[in-house]
file input_1.pdb (PDB, C-alpha atoms)
MODEL        1
ATOM      1  CA  MET A   1      61.750 179.043 197.198
ATOM      2  CA  MET A   2      62.056 176.587 194.378
ATOM      3  CA  ASN A   3      64.629 174.613 196.318
ATOM      4  CA  ASN A   4      62.345 174.250 199.322
ATOM      5  CA  SER A   5      59.394 173.117 197.249
ATOM      6  CA  GLY A   6      61.580 170.642 195.393
ATOM      7  CA  ALA A   7      62.861 169.199 198.653
ATOM      8  CA  SER A   8      59.275 169.064 199.980
ATOM      9  CA  ALA A   9      58.112 167.234 196.886
ATOM     10  CA  ALA A  10      60.935 164.814 197.145
ATOM     11  CA  GLY A  11      60.161 164.250 200.823
ATOM     12  CA  SER A  12      56.500 163.579 200.196
ATOM     13  CA  SER A  13      57.305 161.260 197.348
ATOM     14  CA  SER A  14      59.757 159.330 199.489
ATOM     15  CA  GLY A  15      57.347 159.176 202.396
ATOM     16  CA  SER A  16      54.457 157.872 200.334
ATOM     17  CA  GLY A  17      56.564 155.178 198.665
ATOM     18  CA  GLU A  18      55.535 156.349 195.195
ATOM     19  CA  GLY A  19      58.114 156.879 192.482
ATOM     20  CA  SER A  20      60.898 154.757 194.102
ATOM     21  CA  ALA A  21      61.855 151.065 193.691
ATOM     22  CA  PRO A  22      60.973 148.729 196.602
ATOM     23  CA  ARG A  23      63.862 148.073 198.973
ATOM     24  CA  ARG A  24      65.288 144.534 199.072
ATOM     25  CA  ASN A  25      67.084 142.876 201.919
ATOM     26  CA  PHE A  26      70.012 141.216 200.109
ATOM     27  CA  LYS A  27      72.040 138.634 202.029
ATOM     28  CA  ARG A  28      74.693 138.044 199.452
ATOM     29  CA  PRO A  29      78.274 137.893 200.745
ATOM     30  CA  LYS A  30      80.513 140.847 200.148
ATOM     31  CA  TYR A  31      82.332 140.557 196.852
ATOM     32  CA  SER A  32      86.034 139.850 196.928
ATOM     33  CA  ARG A  33      88.452 138.301 194.448
ATOM     34  CA  PHE A  34      89.330 135.650 197.032
ATOM     35  CA  THR A  35      85.761 134.385 197.565
ATOM     36  CA  GLN A  36      85.092 134.446 193.814
ATOM     37  CA  GLN A  37      88.356 132.568 193.079
ATOM     38  CA  GLU A  38      89.676 135.312 190.818
ATOM     39  CA  LEU A  39      93.151 135.551 192.336
ATOM     40  CA  PRO A  40      96.153 134.986 190.045
ATOM     41  CA  ALA A  41      97.149 131.316 189.974
ATOM     42  CA  CYS A  42      99.686 129.064 188.320
ATOM     43  CA  LYS A  43      98.397 125.923 186.603
ATOM     44  CA  PRO A  44     100.951 123.444 185.243
ATOM     45  CA  ILE A  45     100.341 122.189 181.730
ATOM     46  CA  LEU A  46     101.176 118.481 181.618
ATOM     47  CA  THR A  47     102.532 117.867 178.142
ATOM     48  CA  PRO A  48     103.082 114.305 176.862
ATOM     49  CA  GLN A  49     106.823 114.799 177.285
ATOM     50  CA  TRP A  50     106.288 115.330 181.023
ATOM     51  CA  VAL A  51     103.604 112.739 181.652
ATOM     52  CA  ILE A  52     104.457 109.894 179.270
ATOM     53  CA  SER A  53     108.164 109.839 180.093
ATOM     54  CA  VAL A  54     108.377 106.547 181.990
ATOM     55  CA  VAL A  55     110.113 103.785 180.029
ATOM     56  CA  GLU A  56     109.421 100.251 181.155
ATOM     57  CA  ILE A  57     110.568  96.764 180.153
ATOM     58  CA  VAL A  58     108.522  93.822 181.464
ATOM     59  CA  ASP A  59     109.572  90.208 180.958
ATOM     60  CA  ARG A  60     107.580  87.252 182.236
ATOM     61  CA  TYR A  61     109.951  84.341 182.769
ATOM     62  CA  ASP A  62     108.261  81.780 185.044
ATOM     63  CA  SER A  63     107.059  79.619 182.143
ATOM     64  CA  ALA A  64     109.935  80.350 179.775
ATOM     65  CA  CYS A  65     112.522  79.167 182.321
ATOM     66  CA  ILE A  66     111.027  75.685 182.720
ATOM     67  CA  PRO A  67     112.850  72.914 180.788
ATOM     68  CA  ARG A  68     110.650  71.308 178.156
ATOM     69  CA  ASN A  69     110.902  67.887 179.744
ATOM     70  CA  MET A  70     109.585  69.337 183.039
ATOM     71  CA  ALA A  71     106.803  71.489 181.591
ATOM     72  CA  LYS A  72     104.087  69.086 182.772
ATOM     73  CA  ASP A  73     105.343  68.962 186.349
ATOM     74  CA  LYS A  74     106.544  72.444 187.217
ATOM     75  CA  VAL A  75     106.167  71.947 190.974
ATOM     76  CA  ALA A  76     108.472  68.917 190.942
ATOM     77  CA  TYR A  77     111.018  70.943 188.963
ATOM     78  CA  ILE A  78     111.044  73.911 191.327
ATOM     79  CA  GLN A  79     111.188  71.744 194.463
ATOM     80  CA  ASN A  80     114.096  69.639 193.227
ATOM     81  CA  ALA A  81     117.228  71.295 194.608
ATOM     82  CA  ALA A  82     119.461  69.103 192.448
ATOM     83  CA  ILE A  83     118.240  70.707 189.199
ATOM     84  CA  ASN A  84     120.124  73.760 187.956
ATOM     85  CA  LYS A  85     117.716  76.706 187.937
ATOM     86  CA  THR A  86     119.885  79.107 185.907
ATOM     87  CA  CYS A  87     118.048  80.758 183.016
ATOM     88  CA  ASN A  88     119.148  83.327 180.423
ATOM     89  CA  ARG A  89     116.825  85.990 179.075
ATOM     90  CA  THR A  90     117.402  88.711 176.471
ATOM     91  CA  LEU A  91     115.845  92.164 176.811
ATOM     92  CA  LYS A  92     115.719  94.797 174.089
ATOM     93  CA  VAL A  93     115.816  98.454 175.121
ATOM     94  CA  LEU A  94     113.359 100.310 172.876
ATOM     95  CA  LYS A  95     113.925 103.849 174.218
ATOM     96  CA  ASN A  96     116.678 105.634 176.097
ATOM     97  CA  MET A  97     116.528 104.884 179.809
ATOM     98  CA  ASP A  98     118.261 107.379 182.085
ATOM     99  CA  GLN A  99     119.628 106.327 185.441
ATOM    100  CA  PRO A 100     118.567 105.400 188.011
ATOM    101  CA  ILE A 101     116.780 102.442 186.421
ATOM    102  CA  TYR A 102     114.762 100.539 188.993
ATOM    103  CA  VAL A 103     114.753  96.741 188.906
ATOM    104  CA  TYR A 104     111.589  95.153 190.281
ATOM    105  CA  TYR A 105     110.269  91.649 190.568
ATOM    106  CA  GLN A 106     106.529  91.312 190.050
ATOM    107  CA  LEU A 107     104.384  88.515 191.437
ATOM    108  CA  ASP A 108     100.831  87.786 190.290
ATOM    109  CA  ASN A 109      98.215  85.809 192.235
ATOM    110  CA  PHE A 110     100.232  86.027 195.472
ATOM    111  CA  TYR A 111      97.989  87.099 198.349
ATOM    112  CA  GLN A 112     100.296  88.761 200.838
ATOM    113  CA  ASN A 113      97.192  90.356 202.345
ATOM    114  CA  HIS A 114      95.799  87.015 203.528
ATOM    115  CA  ARG A 115      94.849  87.439 207.189
ATOM    116  CA  ARG A 116      96.813  84.485 208.517
ATOM    117  CA  TYR A 117      99.857  85.355 206.408
ATOM    118  CA  VAL A 118      99.985  89.058 207.215
ATOM    119  CA  LYS A 119      99.731  88.405 210.974
ATOM    120  CA  SER A 120     102.453  85.745 210.994
ATOM    121  CA  ARG A 121     105.292  87.924 212.353
ATOM    122  CA  ASN A 122     106.504  89.392 215.616
ATOM    123  CA  ASP A 123     107.515  93.042 215.386
ATOM    124  CA  ALA A 124     109.058  93.123 218.869
ATOM    125  CA  GLN A 125     111.441  90.322 217.879
ATOM    126  CA  LEU A 126     112.458  92.199 214.736
ATOM    127  CA  ARG A 127     113.276  95.380 216.679
ATOM    128  CA  SER A 128     115.321  94.176 219.644
ATOM    129  CA  ALA A 129     117.733  91.366 220.444
ATOM    130  CA  ASP A 130     116.231  91.235 223.949
ATOM    131  CA  GLU A 131     113.026  89.891 222.366
ATOM    132  CA  ALA A 132     114.729  87.194 220.269
ATOM    133  CA  SER A 133     112.827  84.422 222.024
ATOM    134  CA  GLU A 134     109.457  86.187 221.524
ATOM    135  CA  THR A 135     107.696  84.233 218.784
ATOM    136  CA  SER A 136     104.027  84.757 219.608
ATOM    137  CA  GLY A 137     101.886  85.215 216.508
ATOM    138  CA  CYS A 138     104.442  83.531 214.256
ATOM    139  CA  ASP A 139     102.652  80.223 213.729
ATOM    140  CA  PRO A 140     103.485  77.945 212.037
ATOM    141  CA  GLU A 141     107.121  79.142 211.756
ATOM    142  CA  ARG A 142     107.829  79.842 215.439
ATOM    143  CA  THR A 143     110.474  77.354 216.537
ATOM    144  CA  THR A 144     112.664  74.576 215.192
ATOM    145  CA  ALA A 145     111.872  70.906 215.757
ATOM    146  CA  GLY A 146     114.035  71.132 218.885
ATOM    147  CA  GLY A 147     112.105  74.115 220.276
ATOM    148  CA  ALA A 148     114.703  76.830 219.520
ATOM    149  CA  PRO A 149     113.196  80.188 218.448
ATOM    150  CA  ILE A 150     113.470  81.193 214.797
ATOM    151  CA  VAL A 151     114.695  84.731 214.073
ATOM    152  CA  PRO A 152     112.984  86.216 212.128
ATOM    153  CA  CYS A 153     109.921  84.072 212.729
ATOM    154  CA  GLY A 154     106.674  83.852 210.815
ATOM    155  CA  LEU A 155     105.401  83.010 207.350
ATOM    156  CA  ILE A 156     106.278  86.369 205.795
ATOM    157  CA  ALA A 157     110.002  86.038 206.485
ATOM    158  CA  TRP A 158     109.954  82.305 205.723
ATOM    159  CA  SER A 159     108.561  82.945 202.216
ATOM    160  CA  LEU A 160     111.221  85.551 201.296
ATOM    161  CA  PHE A 161     111.653  85.906 197.524
ATOM    162  CA  ASN A 162     114.840  84.191 196.365
ATOM    163  CA  ASP A 163     115.160  84.621 192.599
ATOM    164  CA  THR A 164     118.352  86.488 191.649
ATOM    165  CA  TYR A 165     119.253  88.578 188.592
ATOM    166  CA  SER A 166     122.500  89.706 186.966
ATOM    167  CA  PHE A 167     122.770  91.857 183.841
ATOM    168  CA  LYS A 168     125.176  92.266 180.917
ATOM    169  CA  ARG A 169     125.270  94.734 178.039
ATOM    170  CA  GLY A 170     127.429  93.063 175.448
ATOM    171  CA  ASN A 171     130.551  92.026 177.340
ATOM    172  CA  GLU A 172     130.055  94.681 180.020
ATOM    173  CA  ASN A 173     128.609  93.751 183.380
ATOM    174  CA  VAL A 174     125.791  96.044 184.504
ATOM    175  CA  MET A 175     125.905  96.290 188.268
ATOM    176  CA  VAL A 176     122.786  96.429 190.425
ATOM    177  CA  ASN A 177     122.968  98.554 193.576
ATOM    178  CA  LYS A 178     120.946  96.935 196.355
ATOM    179  CA  LYS A 179     121.633  99.637 198.957
ATOM    180  CA  GLY A 180     118.879 102.042 199.935
ATOM    181  CA  ILE A 181     116.063 100.020 198.366
ATOM    182  CA  SER A 182     114.038  99.871 201.600
ATOM    183  CA  TRP A 183     112.349 102.630 203.562
ATOM    184  CA  LYS A 184     114.731 104.439 205.899
ATOM    185  CA  SER A 185     112.086 104.464 208.638
ATOM    186  CA  ASP A 186     111.893 100.666 208.428
ATOM    187  CA  ARG A 187     115.672 100.281 208.708
ATOM    188  CA  ASP A 188     115.924 102.691 211.619
ATOM    189  CA  HIS A 189     112.873 101.774 213.674
ATOM    190  CA  LYS A 190     111.436  98.389 212.694
ATOM    191  CA  PHE A 191     114.501  96.200 212.221
ATOM    192  CA  GLY A 192     117.124  96.213 214.932
ATOM    193  CA  LYS A 193     120.835  96.759 214.384
ATOM    194  CA  ASP A 194     121.511  94.175 217.101
ATOM    195  CA  VAL A 195     119.141  91.501 215.777
ATOM    196  CA  TYR A 196     120.746  88.696 213.764
ATOM    197  CA  PRO A 197     119.138  85.733 211.962
ATOM    198  CA  LYS A 198     119.076  82.540 213.973
ATOM    199  CA  ASN A 199     117.756  79.069 213.035
ATOM    200  CA  PHE A 200     116.299  80.603 209.881
ATOM    201  CA  GLN A 201     115.353  78.231 207.009
ATOM    202  CA  ASN A 202     116.848  75.278 208.921
ATOM    203  CA  GLY A 203     113.737  73.114 208.703
ATOM    204  CA  ALA A 204     112.892  70.350 206.280
ATOM    205  CA  LEU A 205     110.707  72.633 204.141
ATOM    206  CA  ILE A 206     112.467  75.724 202.764
ATOM    207  CA  GLY A 207     110.120  78.578 201.965
ATOM    208  CA  GLY A 208     112.442  81.019 200.222
ATOM    209  CA  ALA A 209     115.749  82.856 200.533
ATOM    210  CA  LYS A 210     118.240  82.360 203.332
ATOM    211  CA  LEU A 211     119.710  85.251 205.307
ATOM    212  CA  ASP A 212     123.308  86.071 206.151
ATOM    213  CA  PRO A 213     123.691  85.222 209.867
ATOM    214  CA  ASN A 214     126.546  87.744 210.152
ATOM    215  CA  LYS A 215     124.432  90.726 209.071
ATOM    216  CA  SER A 216     121.868  92.419 211.280
ATOM    217  CA  LEU A 217     118.287  92.578 210.082
ATOM    218  CA  SER A 218     118.578  96.330 209.519
ATOM    219  CA  GLU A 219     121.225  95.633 206.850
ATOM    220  CA  GLN A 220     119.274  92.926 205.028
ATOM    221  CA  GLU A 221     117.222  95.156 202.790
ATOM    222  CA  ASP A 222     115.727  92.389 200.644
ATOM    223  CA  LEU A 223     114.020  91.116 203.787
ATOM    224  CA  ILE A 224     112.864  94.607 204.804
ATOM    225  CA  VAL A 225     111.324  95.213 201.368
ATOM    226  CA  TRP A 226     109.591  91.824 201.423
ATOM    227  CA  MET A 227     108.228  92.292 204.942
ATOM    228  CA  ARG A 228     106.281  95.382 203.864
ATOM    229  CA  THR A 229     103.313  93.341 202.657
ATOM    230  CA  ALA A 230     101.322  94.256 199.569
ATOM    231  CA  ALA A 231      97.599  95.041 199.618
ATOM    232  CA  LEU A 232      96.800  93.460 196.247
ATOM    233  CA  PRO A 233      97.556  90.024 194.768
ATOM    234  CA  THR A 234      99.604  91.558 191.943
ATOM    235  CA  PHE A 235     102.506  93.609 193.237
ATOM    236  CA  ARG A 236     106.045  94.738 192.542
ATOM    237  CA  LYS A 237     108.917  94.958 194.967
ATOM    238  CA  LEU A 238     112.203  96.733 194.446
ATOM    239  CA  TYR A 239     115.157  94.452 193.803
ATOM    240  CA  GLY A 240     117.825  97.092 193.143
ATOM    241  CA  LYS A 241     118.910 100.048 191.001
ATOM    242  CA  ILE A 242     120.972 100.194 187.812
ATOM    243  CA  GLU A 243     123.038 103.370 187.922
ATOM    244  CA  VAL A 244     124.106 103.645 184.276
ATOM    245  CA  ASN A 245     122.145 104.913 181.280
ATOM    246  CA  LEU A 246     120.768 102.406 178.790
ATOM    247  CA  LYS A 247     120.481 103.487 175.176
ATOM    248  CA  ALA A 248     117.826 102.637 172.639
ATOM    249  CA  ASN A 249     118.550  99.348 170.813
ATOM    250  CA  ASP A 250     120.834  98.108 173.590
ATOM    251  CA  THR A 251     120.589  94.365 174.186
ATOM    252  CA  ILE A 252     120.600  93.300 177.823
ATOM    253  CA  THR A 253     121.359  89.694 178.760
ATOM    254  CA  VAL A 254     119.826  88.643 182.059
ATOM    255  CA  THR A 255     121.131  85.626 183.937
ATOM    256  CA  LEU A 256     118.630  84.659 186.588
ATOM    257  CA  GLU A 257     118.132  81.920 189.128
ATOM    258  CA  ASN A 258     114.546  80.681 188.893
ATOM    259  CA  ASN A 259     114.260  79.490 192.501
ATOM    260  CA  TYR A 260     110.973  80.883 193.803
ATOM    261  CA  ASN A 261     107.973  78.578 193.753
ATOM    262  CA  THR A 262     104.926  80.269 192.244
ATOM    263  CA  TYR A 263     103.826  77.146 190.392
ATOM    264  CA  SER A 264     101.991  75.652 193.386
ATOM    265  CA  PHE A 265      99.384  78.429 193.256
ATOM    266  CA  ASN A 266      99.452  79.268 189.506
ATOM    267  CA  GLY A 267     101.349  82.478 190.139
ATOM    268  CA  LYS A 268     103.393  84.463 187.642
ATOM    269  CA  LYS A 269     106.845  86.016 187.911
ATOM    270  CA  LYS A 270     108.029  89.015 185.933
ATOM    271  CA  LEU A 271     111.213  91.040 185.786
ATOM    272  CA  VAL A 272     110.619  94.778 185.395
ATOM    273  CA  LEU A 273     113.086  97.518 184.476
ATOM    274  CA  SER A 274     111.592 100.979 184.823
ATOM    275  CA  THR A 275     112.522 104.634 184.936
ATOM    276  CA  THR A 276     110.536 107.230 186.845
ATOM    277  CA  SER A 277     109.258 110.741 186.258
ATOM    278  CA  TRP A 278     108.523 113.533 188.725
ATOM    279  CA  LEU A 279     105.114 111.891 189.147
ATOM    280  CA  GLY A 280     106.691 108.545 190.060
ATOM    281  CA  GLY A 281     106.688 105.256 188.193
ATOM    282  CA  LYS A 282     104.230 103.902 185.682
ATOM    283  CA  ASN A 283     100.867 103.214 187.262
ATOM    284  CA  ASP A 284      97.634 102.470 185.407
ATOM    285  CA  PHE A 285      95.482 102.725 188.523
ATOM    286  CA  LEU A 286      94.858 106.480 188.317
ATOM    287  CA  GLY A 287      93.908 106.314 184.650
ATOM    288  CA  ILE A 288      91.474 103.463 185.285
ATOM    289  CA  ALA A 289      90.061 105.271 188.332
ATOM    290  CA  TYR A 290      89.535 108.525 186.395
ATOM    291  CA  LEU A 291      87.801 106.705 183.526
ATOM    292  CA  THR A 292      85.604 104.749 185.934
ATOM    293  CA  VAL A 293      84.534 107.811 187.938
ATOM    294  CA  GLY A 294      84.056 109.857 184.755
ATOM    295  CA  GLY A 295      81.907 107.123 183.205
ATOM    296  CA  LEU A 296      79.831 106.869 186.379
ATOM    297  CA  CYS A 297      79.282 110.646 186.458
ATOM    298  CA  PHE A 298      78.257 110.640 182.788
ATOM    299  CA  PHE A 299      75.787 107.803 183.409
ATOM    300  CA  LEU A 300      74.235 109.591 186.408
ATOM    301  CA  ALA A 301      74.018 112.864 184.492
ATOM    302  CA  THR A 302      72.241 111.099 181.624
ATOM    303  CA  ALA A 303      69.873 109.329 184.027
ATOM    304  CA  PHE A 304      68.951 112.552 185.844
ATOM    305  CA  THR A 305      68.387 114.307 182.512
ATOM    306  CA  VAL A 306      66.020 111.578 181.346
ATOM    307  CA  VAL A 307      64.133 111.666 184.655
ATOM    308  CA  TYR A 308      63.815 115.452 184.421
ATOM    309  CA  LEU A 309      62.480 115.300 180.852
ATOM    310  CA  VAL A 310      60.030 112.476 181.576
ATOM    311  CA  LYS A 311      58.783 113.709 184.929
ATOM    312  CA  PRO A 312      59.991 117.261 185.520
ATOM    313  CA  ARG A 313      59.994 118.699 189.006
ATOM    314  CA  LYS A 314      57.777 121.750 189.561
ATOM    315  CA  LEU A 315      59.893 124.802 190.232
ATOM    316  CA  GLY A 316      59.252 126.818 193.382
ATOM    317  CA  ASP A 317      58.271 130.484 193.468
ATOM    318  CA  PRO A 318      61.479 132.530 193.798
ATOM    319  CA  SER A 319      59.604 135.278 195.626
ATOM    320  CA  TYR A 320      59.624 133.090 198.756
ATOM    321  CA  LEU A 321      63.415 133.079 198.911
ATOM    322  CA  SER A 322      64.649 134.820 202.032
ATOM    323  CA  TRP A 323      66.602 137.501 200.212
ATOM    324  CA  ASN A 324      63.559 138.442 198.102
ATOM    325  CA  ARG A 325      61.247 139.074 201.058
ATOM    326  CA  SER A 326      60.690 142.499 202.556
ATOM    327  CA  PRO A 327      61.734 143.233 206.173
ATOM    328  CA  LEU A 328      58.061 143.062 207.264
ATOM    329  CA  GLY A 329      57.796 139.427 206.169
ATOM    330  CA  TYR A 330      55.500 139.820 203.111
TER     331      TYR A 330
ENDMDL
END

call {"tool": "encode", "arguments": {"input": "input_1.pdb", "output": "structure tokens"}}
result
Amino acid sequence: MMNNSGASAAGSSSGSGEGSAPRRNFKRPKYSRFTQQELPACKPILTPQWVISVVEIVDRYDSACIPRNMAKDKVAYIQNAAINKTCNRTLKVLKNMDQPIYVYYQLDNFYQNHRRYVKSRNDAQLRSADEASETSGCDPERTTAGGAPIVPCGLIAWSLFNDTYSFKRGNENVMVNKKGISWKSDRDHKFGKDVYPKNFQNGALIGGAKLDPNKSLSEQEDLIVWMRTAALPTFRKLYGKIEVNLKANDTITVTLENNYNTYSFNGKKKLVLSTTSWLGGKNDFLGIAYLTVGGLCFFLATAFTVVYLVKPRKLGDPSYLSWNRSPLGY
């Protein structure tokens, strides 16, 4: 009897809506550890030993390798083929450098991305011997004075970097491996194994290095590296690899041939020896980009805070949110 009356009371209470909390129509997603990003995860901790492990030696030599009596007319010096361009430089190794040590040349104020320069090539000619006479787009280095096609044609190939470097540690020669310095995809697909230089650098004005006429273009890796044009006016290109370890306090003597003309456009030349880490070589771009974006975000956050304090926005009534409304719409 008591049970029936209790059930009746409960039924009447439920039916009248008195004594119970109002029902809400929640539209929240179902909870899961995946949607809430609570799954176990591994986060690497980048210690200084991992991140700051790239050792680099940079030596600018374009001004230092000019004889004192030619310092006022550097262009005349570099264009005079009769003058010996050999120059000796001494590098000090400050920290241990484990092999492979990458040798780069760096050029400043050289705009390889100039529209006329970057288009002055013919990719079909580079790929196949059947297209050796195809020189369209290669102006002004298309043909010789007699009309014979130049292979490879164009300003990019014509201006090939031609400084050379050799290294010594004490009385020991340090060899530089120049194999495998270009992209394999370039060697296999962009430069033909049956394409050989022809009439190259035979004109009155020599732009840069000469090529071995007995080697196919796919074997001439200095050319392949140079032909991959840079996007910025300051760039590095791989010259070779040193495959021995260099110890701290080692003295490296560099004998170089200062042949390449950067003096006409106030350019700079630097020799770079660098190791790499699992993140790659040394690159300040990411650090600068992070600081720039972080500074911009901080400035915007400060600006929005000031705007909110000076002229705050009126908050809306949360009862009008869809998940706080009853099924009947009120």

call {"tool": "atom_distance", "arguments": {"input": "input_1.pdb", "atom1": "atom CA of A:Asp130", "atom2": "atom CA of A:Lys193"}}
result
12.0 Å

call {"tool": "residues_around", "arguments": {"input": "input_1.pdb", "residues": "A:Val272", "least_positions_apart": "5", "cutoff": "8 Å", "atoms": "all atoms listed in the file", "output": "short mmCIF file (atom, residue, chain, number, x, y, z; two decimals) with C-alpha atoms, keeping the file's coordinate frame"}}
result
data_model
loop_
_atom_site.label_atom_id
_atom_site.label_comp_id
_atom_site.auth_asym_id
_atom_site.auth_seq_id
_atom_site.Cartn_x
_atom_site.Cartn_y
_atom_site.Cartn_z
CA GLU A 56 109.42 100.25 181.16
CA ILE A 57 110.57 96.76 180.15
CA VAL A 58 108.52 93.82 181.46
CA ASP A 59 109.57 90.21 180.96
CA TYR A 102 114.76 100.54 188.99
CA VAL A 103 114.75 96.74 188.91
CA TYR A 104 111.59 95.15 190.28
CA TYR A 105 110.27 91.65 190.57
CA GLN A 106 106.53 91.31 190.05
#

call {"tool": "closest_residue", "arguments": {"input": "input_1.pdb", "among": "A:Ala289, A:Ala124, A:His114, A:Asn88", "to": "A:Val195", "atoms": "only C-alpha atoms"}}
result
A:Ala124

call {"tool": "residues_around", "arguments": {"input": "input_1.pdb", "residues": "A:Thr234", "least_positions_apart": "4", "cutoff": "7 Å", "atoms": "all atoms listed in the file", "output": "mmCIF file with C-alpha atoms, in the frame of the given file"}}
result
data_model
loop_
_atom_site.group_PDB
_atom_site.id
_atom_site.type_symbol
_atom_site.label_atom_id
_atom_site.label_comp_id
_atom_site.auth_asym_id
_atom_site.auth_seq_id
_atom_site.Cartn_x
_atom_site.Cartn_y
_atom_site.Cartn_z
ATOM 1 C CA LEU A 107 104.384 88.515 191.437
ATOM 2 C CA ASP A 108 100.831 87.786 190.290
ATOM 3 C CA ASN A 109 98.215 85.809 192.235
ATOM 4 C CA PHE A 110 100.232 86.027 195.472
#

call {"tool": "closest_residue", "arguments": {"input": "input_1.pdb", "among": "A:Phe265, A:Ala303, A:Tyr239, A:Gln79", "to": "A:Ser166", "atoms": "all atoms listed in the file"}}
result
A:Tyr239

call {"tool": "resolve_selection", "arguments": {"input": "input_1.pdb", "expression": "the PyMOL selection byres ((chain A and resi 118) around 12)", "output": "list in words"}}
result
Tyr111, Gln112, Asn113, His114, Arg115, Arg116, Tyr117, Lys119, Ser120, Arg121, Asn122, Asp123, Gly137, Cys138, Asp139, Gly154, Leu155, Ile156, Ala157, Ser159, Trp226, Met227, Arg228, Thr229, Ala230 and Ala231 of chain A

call {"tool": "closest_residue", "arguments": {"input": "input_1.pdb", "among": "A:His189, A:Lys30, A:Lys184, A:Lys268", "to": "A:Val225", "atoms": "only C-alpha atoms"}}
result
A:Lys184

call {"tool": "closest_atom_pairs", "arguments": {"input": "input_1.pdb", "of": "stretch 103-190 of chain A", "to": "stretch 245-264 of chain A", "cutoff": "6 Å", "atoms": "all atoms listed in the file", "output": "tab-separated table"}}
result
residue	atom	partner	partner_atom	distance
A:Asn162	CA	A:Tyr260	CA	5.7
A:Asp163	CA	A:Asn259	CA	5.2
A:Thr164	CA	A:Glu257	CA	5.2
A:Tyr165	CA	A:Leu256	CA	4.4
A:Ser166	CA	A:Thr255	CA	5.3
A:Phe167	CA	A:Val254	CA	4.7
A:Lys168	CA	A:Thr253	CA	5.1
A:Arg169	CA	A:Ile252	CA	4.9

call {"tool": "atom_distance", "arguments": {"input": "input_1.pdb", "atom1": "atom CA of A:Leu91", "atom2": "atom CA of A:Ser63"}}
result
16.2 Å

call {"tool": "axis_aligned_box", "arguments": {"input": "input_1.pdb", "around": "stretch 298-312 of chain A", "padding_each_side": "3 Å", "output": "lines of an AutoDock Vina configuration file"}}
result
center_x = 68.5
center_y = 112.5
center_z = 183.6
size_x = 25.5
size_y = 15.5
size_z = 11.6

call {"tool": "residues_near_point", "arguments": {"input": "input_1.pdb", "point": "(122.4, 106.0, 190.2)", "cutoff": "7 Å", "atoms": "all atoms listed in the file", "output": "number ranges by chain"}}
result
A: 99-100, 241-244

call {"tool": "residues_around", "arguments": {"input": "input_1.pdb", "residues": "A:Leu160", "least_positions_apart": "6", "cutoff": "8 Å", "atoms": "all atoms listed in the file", "output": "ChimeraX atom specification"}}
result
/A:207-210,223,226

call {"tool": "resolve_selection", "arguments": {"input": "input_1.pdb", "expression": "the PyMOL selection byres ((chain A and resi 183) around 10)", "output": "VMD selection string"}}
result
chain A and resid 180 to 182 184 to 188 221 224 to 225 228

call {"tool": "build_atoms", "arguments": {"input": "input_1.pdb", "residues": "stretch 249-257 of chain A", "atoms": "N, CA, C and O atoms", "output": "mmCIF file, keeping the file's coordinate frame"}}
result
data_model
loop_
_atom_site.group_PDB
_atom_site.id
_atom_site.type_symbol
_atom_site.label_atom_id
_atom_site.label_comp_id
_atom_site.auth_asym_id
_atom_site.auth_seq_id
_atom_site.Cartn_x
_atom_site.Cartn_y
_atom_site.Cartn_z
ATOM 1 N N ASN A 249 118.002 100.462 171.591
ATOM 2 C CA ASN A 249 118.550 99.348 170.813
ATOM 3 C C ASN A 249 119.644 98.586 171.541
ATOM 4 O O ASN A 249 120.232 97.665 170.951
ATOM 5 N N ASP A 250 119.921 98.934 172.792
ATOM 6 C CA ASP A 250 120.834 98.108 173.590
ATOM 7 C C ASP A 250 120.199 96.734 173.829
ATOM 8 O O ASP A 250 118.981 96.617 173.988
ATOM 9 N N THR A 251 121.048 95.718 173.877
ATOM 10 C CA THR A 251 120.589 94.365 174.186
ATOM 11 C C THR A 251 121.130 93.980 175.558
ATOM 12 O O THR A 251 122.352 94.006 175.773
ATOM 13 N N ILE A 252 120.232 93.648 176.454
ATOM 14 C CA ILE A 252 120.600 93.300 177.823
ATOM 15 C C ILE A 252 120.394 91.792 178.010
ATOM 16 O O ILE A 252 119.311 91.268 177.746
ATOM 17 N N THR A 253 121.451 91.119 178.451
ATOM 18 C CA THR A 253 121.359 89.694 178.760
ATOM 19 C C THR A 253 121.185 89.537 180.262
ATOM 20 O O THR A 253 121.997 90.044 181.044
ATOM 21 N N VAL A 254 120.132 88.848 180.648
ATOM 22 C CA VAL A 254 119.826 88.643 182.059
ATOM 23 C C VAL A 254 120.091 87.180 182.408
ATOM 24 O O VAL A 254 119.560 86.279 181.753
ATOM 25 N N THR A 255 120.923 86.966 183.397
ATOM 26 C CA THR A 255 121.131 85.626 183.937
ATOM 27 C C THR A 255 120.417 85.564 185.272
ATOM 28 O O THR A 255 120.761 86.316 186.199
ATOM 29 N N LEU A 256 119.429 84.712 185.368
ATOM 30 C CA LEU A 256 118.630 84.659 186.588
ATOM 31 C C LEU A 256 118.583 83.247 187.142
ATOM 32 O O LEU A 256 118.773 82.264 186.428
ATOM 33 N N GLU A 257 118.337 83.190 188.440
ATOM 34 C CA GLU A 257 118.132 81.920 189.128
ATOM 35 C C GLU A 257 116.641 81.795 189.440
ATOM 36 O O GLU A 257 116.104 82.552 190.252
#
